[in-house]
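Enquirer: The structure file upload01.txt (compact mmCIF, N, CA and C atoms) is provided below.
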```txt
# COMPACT_ATOMS: atom_id res chain seq x y z
N MET A 28 29.25 28.71 30.32
CA MET A 28 28.63 28.85 29.02
C MET A 28 27.21 28.27 29.13
N ALA A 29 26.23 29.04 28.83
CA ALA A 29 24.85 28.58 28.87
C ALA A 29 24.56 27.67 27.68
N GLN A 30 23.49 26.89 27.76
CA GLN A 30 23.14 25.96 26.69
C GLN A 30 23.05 26.65 25.33
N ASP A 31 22.32 27.76 25.28
CA ASP A 31 22.18 28.47 24.01
C ASP A 31 23.52 28.98 23.52
N ASP A 32 24.33 29.49 24.44
CA ASP A 32 25.66 29.98 24.06
C ASP A 32 26.50 28.86 23.48
N LEU A 33 26.44 27.70 24.12
CA LEU A 33 27.22 26.55 23.67
C LEU A 33 26.77 26.09 22.29
N SER A 34 25.49 25.91 22.12
CA SER A 34 24.99 25.45 20.82
C SER A 34 25.26 26.49 19.73
N ASP A 35 25.07 27.76 20.04
CA ASP A 35 25.35 28.82 19.07
C ASP A 35 26.84 28.87 18.72
N PHE A 36 27.70 28.67 19.73
CA PHE A 36 29.14 28.68 19.49
C PHE A 36 29.54 27.57 18.54
N VAL A 37 29.10 26.35 18.84
CA VAL A 37 29.48 25.20 18.02
C VAL A 37 28.96 25.37 16.58
N LYS A 38 27.71 25.73 16.46
CA LYS A 38 27.12 25.91 15.13
C LYS A 38 27.83 27.03 14.36
N GLY A 39 28.09 28.13 15.04
CA GLY A 39 28.78 29.25 14.40
C GLY A 39 30.19 28.90 13.95
N GLU A 40 30.93 28.23 14.82
CA GLU A 40 32.29 27.83 14.47
C GLU A 40 32.30 26.81 13.34
N ARG A 41 31.36 25.89 13.38
CA ARG A 41 31.27 24.89 12.32
C ARG A 41 31.03 25.56 10.97
N LYS A 42 30.09 26.49 10.95
CA LYS A 42 29.78 27.19 9.69
C LYS A 42 30.93 28.09 9.25
N LYS A 43 31.55 28.77 10.22
CA LYS A 43 32.69 29.64 9.90
C LYS A 43 33.82 28.85 9.24
N ASN A 44 33.94 27.58 9.63
CA ASN A 44 34.99 26.72 9.08
C ASN A 44 34.49 25.87 7.91
N SER A 45 33.31 26.21 7.39
CA SER A 45 32.72 25.54 6.22
C SER A 45 32.63 24.03 6.41
N LEU A 46 32.19 23.62 7.60
CA LEU A 46 32.04 22.20 7.90
C LEU A 46 30.55 21.84 7.95
N THR A 47 30.22 20.68 7.46
CA THR A 47 28.88 20.16 7.66
C THR A 47 28.85 19.49 9.03
N GLN A 48 27.66 19.16 9.50
CA GLN A 48 27.57 18.42 10.75
C GLN A 48 28.27 17.07 10.61
N GLU A 49 28.15 16.46 9.46
CA GLU A 49 28.82 15.18 9.21
C GLU A 49 30.33 15.34 9.27
N ASP A 50 30.87 16.41 8.67
CA ASP A 50 32.31 16.68 8.73
C ASP A 50 32.78 16.81 10.17
N LEU A 51 32.04 17.60 10.95
CA LEU A 51 32.44 17.84 12.34
C LEU A 51 32.39 16.55 13.15
N ALA A 52 31.35 15.75 12.96
CA ALA A 52 31.25 14.47 13.66
C ALA A 52 32.45 13.58 13.33
N ARG A 53 32.76 13.50 12.06
CA ARG A 53 33.87 12.65 11.61
C ARG A 53 35.21 13.14 12.17
N MET A 54 35.45 14.44 12.11
CA MET A 54 36.76 14.95 12.54
C MET A 54 36.94 14.93 14.05
N THR A 55 35.85 14.91 14.81
CA THR A 55 35.96 14.92 16.26
C THR A 55 35.73 13.55 16.89
N GLY A 56 35.31 12.58 16.09
CA GLY A 56 35.13 11.24 16.60
C GLY A 56 33.86 11.03 17.42
N VAL A 57 32.87 11.88 17.20
CA VAL A 57 31.58 11.70 17.86
C VAL A 57 30.54 11.41 16.79
N GLY A 58 29.38 10.95 17.20
CA GLY A 58 28.34 10.62 16.24
C GLY A 58 27.62 11.86 15.71
N LEU A 59 27.05 11.72 14.53
CA LEU A 59 26.27 12.79 13.92
C LEU A 59 25.11 13.19 14.82
N ARG A 60 24.46 12.23 15.43
CA ARG A 60 23.34 12.52 16.33
C ARG A 60 23.80 13.42 17.49
N PHE A 61 25.00 13.16 18.00
CA PHE A 61 25.52 13.98 19.10
C PHE A 61 25.69 15.43 18.64
N ILE A 62 26.24 15.63 17.46
CA ILE A 62 26.43 16.99 16.93
C ILE A 62 25.07 17.67 16.78
N ARG A 63 24.10 16.97 16.27
CA ARG A 63 22.76 17.55 16.11
C ARG A 63 22.17 17.92 17.47
N ASP A 64 22.27 17.01 18.44
CA ASP A 64 21.76 17.30 19.78
C ASP A 64 22.47 18.50 20.39
N LEU A 65 23.77 18.57 20.23
CA LEU A 65 24.56 19.69 20.77
C LEU A 65 24.12 21.01 20.16
N GLU A 66 23.97 21.05 18.85
CA GLU A 66 23.58 22.27 18.17
C GLU A 66 22.13 22.67 18.44
N GLN A 67 21.31 21.70 18.85
CA GLN A 67 19.91 22.00 19.17
C GLN A 67 19.73 22.33 20.65
N GLY A 68 20.83 22.34 21.41
CA GLY A 68 20.76 22.74 22.81
C GLY A 68 20.21 21.69 23.75
N LYS A 69 20.40 20.41 23.43
CA LYS A 69 19.92 19.34 24.32
C LYS A 69 20.50 19.56 25.71
N ALA A 70 19.65 19.42 26.72
CA ALA A 70 20.03 19.74 28.10
C ALA A 70 21.00 18.75 28.72
N SER A 71 20.98 17.51 28.30
CA SER A 71 21.86 16.52 28.93
C SER A 71 22.78 15.89 27.89
N LEU A 72 24.04 16.29 27.93
CA LEU A 72 25.05 15.76 27.02
C LEU A 72 26.28 15.38 27.83
N ARG A 73 27.03 14.41 27.35
CA ARG A 73 28.26 14.01 28.03
C ARG A 73 29.31 15.10 27.88
N MET A 74 29.84 15.55 29.01
CA MET A 74 30.82 16.64 28.98
C MET A 74 32.09 16.24 28.24
N ASP A 75 32.52 14.99 28.36
CA ASP A 75 33.73 14.59 27.66
C ASP A 75 33.55 14.71 26.14
N LYS A 76 32.38 14.35 25.65
CA LYS A 76 32.12 14.47 24.21
C LYS A 76 31.98 15.94 23.79
N VAL A 77 31.36 16.75 24.64
CA VAL A 77 31.26 18.18 24.34
C VAL A 77 32.67 18.75 24.21
N ASN A 78 33.54 18.41 25.15
CA ASN A 78 34.91 18.91 25.08
C ASN A 78 35.66 18.38 23.87
N GLN A 79 35.35 17.17 23.44
CA GLN A 79 35.95 16.62 22.22
C GLN A 79 35.62 17.51 21.04
N VAL A 80 34.38 17.95 20.95
CA VAL A 80 33.95 18.82 19.84
C VAL A 80 34.56 20.21 20.00
N LEU A 81 34.49 20.77 21.22
CA LEU A 81 35.01 22.11 21.44
C LEU A 81 36.51 22.20 21.16
N GLU A 82 37.24 21.12 21.44
CA GLU A 82 38.68 21.11 21.21
C GLU A 82 39.02 21.41 19.76
N ALA A 83 38.15 20.99 18.84
CA ALA A 83 38.37 21.26 17.41
C ALA A 83 38.42 22.76 17.12
N PHE A 84 37.80 23.55 17.99
CA PHE A 84 37.76 25.00 17.81
C PHE A 84 38.62 25.74 18.84
N GLY A 85 39.50 25.00 19.53
CA GLY A 85 40.39 25.61 20.51
C GLY A 85 39.68 26.07 21.77
N ALA A 86 38.62 25.37 22.17
CA ALA A 86 37.84 25.76 23.34
C ALA A 86 37.58 24.55 24.23
N LYS A 87 37.10 24.80 25.46
CA LYS A 87 36.69 23.72 26.35
C LYS A 87 35.68 24.26 27.34
N LEU A 88 34.91 23.35 27.93
CA LEU A 88 33.95 23.74 28.97
C LEU A 88 34.72 24.12 30.22
N SER A 89 34.26 25.15 30.88
CA SER A 89 34.86 25.53 32.16
C SER A 89 33.81 26.26 32.99
N PRO A 90 33.96 26.22 34.31
CA PRO A 90 32.98 26.91 35.16
C PRO A 90 33.10 28.42 35.00
N GLY A 91 32.00 29.08 35.21
CA GLY A 91 31.97 30.53 35.14
C GLY A 91 30.87 31.07 36.02
N PRO A 92 30.89 32.35 36.26
CA PRO A 92 29.87 32.95 37.13
C PRO A 92 28.49 32.91 36.46
N ILE A 93 27.47 32.84 37.28
CA ILE A 93 26.10 32.91 36.79
C ILE A 93 25.74 34.38 36.69
N LEU A 94 25.33 34.79 35.52
CA LEU A 94 24.96 36.18 35.30
C LEU A 94 23.51 36.38 35.68
N LYS A 95 23.21 37.48 36.34
CA LYS A 95 21.82 37.76 36.73
C LYS A 95 20.95 37.76 35.50
N GLY A 96 19.77 37.14 35.64
CA GLY A 96 18.84 37.07 34.53
C GLY A 96 19.13 35.95 33.55
N LYS A 97 20.21 35.19 33.76
CA LYS A 97 20.60 34.12 32.85
C LYS A 97 20.42 32.75 33.48
N VAL A 98 19.87 32.66 34.67
CA VAL A 98 19.73 31.37 35.35
C VAL A 98 18.58 30.60 34.71
N ASP A 99 18.87 29.36 34.36
CA ASP A 99 17.84 28.48 33.80
C ASP A 99 17.17 27.75 34.94
N GLU A 100 15.90 28.01 35.20
CA GLU A 100 15.20 27.44 36.35
C GLU A 100 14.42 26.19 35.99
N SER A 101 14.68 25.58 34.84
CA SER A 101 13.95 24.36 34.45
C SER A 101 14.53 23.13 35.06
```
Could I get this structure in the form of structure tokens?

Expert:
Amino acid sequence: MAQDDLSDFVKGERKKNSLTQEDLARMTGVGLRFIRDLEQGKASLRMDKVNQVLEAFGAKLSPGPILKGKVDES
């Protein structure tokens, strides 16, 4: 999952479930700042905390193939 895909997924799922960022932080046990950073696509986040948030939506981080044209060279 690319950074944009991850942030878009979390934001989309949060909105689909009528949750505020504060609600999501509270229900997943992470800080509000972490949710904001995640939704803004921050490049360096703790994977355990990302998975904590994703678990609320029945998802988790996992390796996948790199698609041509999708490699982030930064």

Enquirer: Ranking A:Leu46, A:Asp35, A:Gly56, A:Glu82 by minimum distance to A:Gly68 and counting all atoms listed in the file, which one comes first?

Expert: A:Asp35

Enquirer: Using all atoms listed in the file, pick whichever of A:Leu51, A:Val57, A:Ile62, A:Leu88 has the shortest atom-to-atom distance to A:Met74.

Expert: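 That would be A:Leu88, the residue with the smallest distance to A:Met74.
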
Enquirer: What does the distance between atom CA of A:Lys69 and atom CA of A:Asn44 come to in Å, to one decimal place?

Expert: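 Taking atom CA of A:Lys69 and atom CA of A:Asn44, their separation equals 22.7 Å.
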
Enquirer: So the first atom is atom N of A:Arg53 and the second is atom CA of A:Gly91; what is the distance between them in Å, to one decimal place?

Expert: 28.7 Å

Enquirer: What residues in stretch 37-79 of chain A get the DSSP label helix (DSSP H, G or I)? Please answer as a PyMOL selection string.

Expert: chain A and resi 37-43+48-55+59-66+74-79

Enquirer: Provide an axis-aligned box for all listed atoms of stretch 52-68 of chain A, padding each side by 8 Å; report its centre and its edge lengths in Å to one decimal, as AutoDock Vina command-line options.

Expert:
```
--center_x 28.3 --center_y 16.7 --center_z 17.7 --size_x 33.2 --size_y 28.1 --size_z 28.1
```
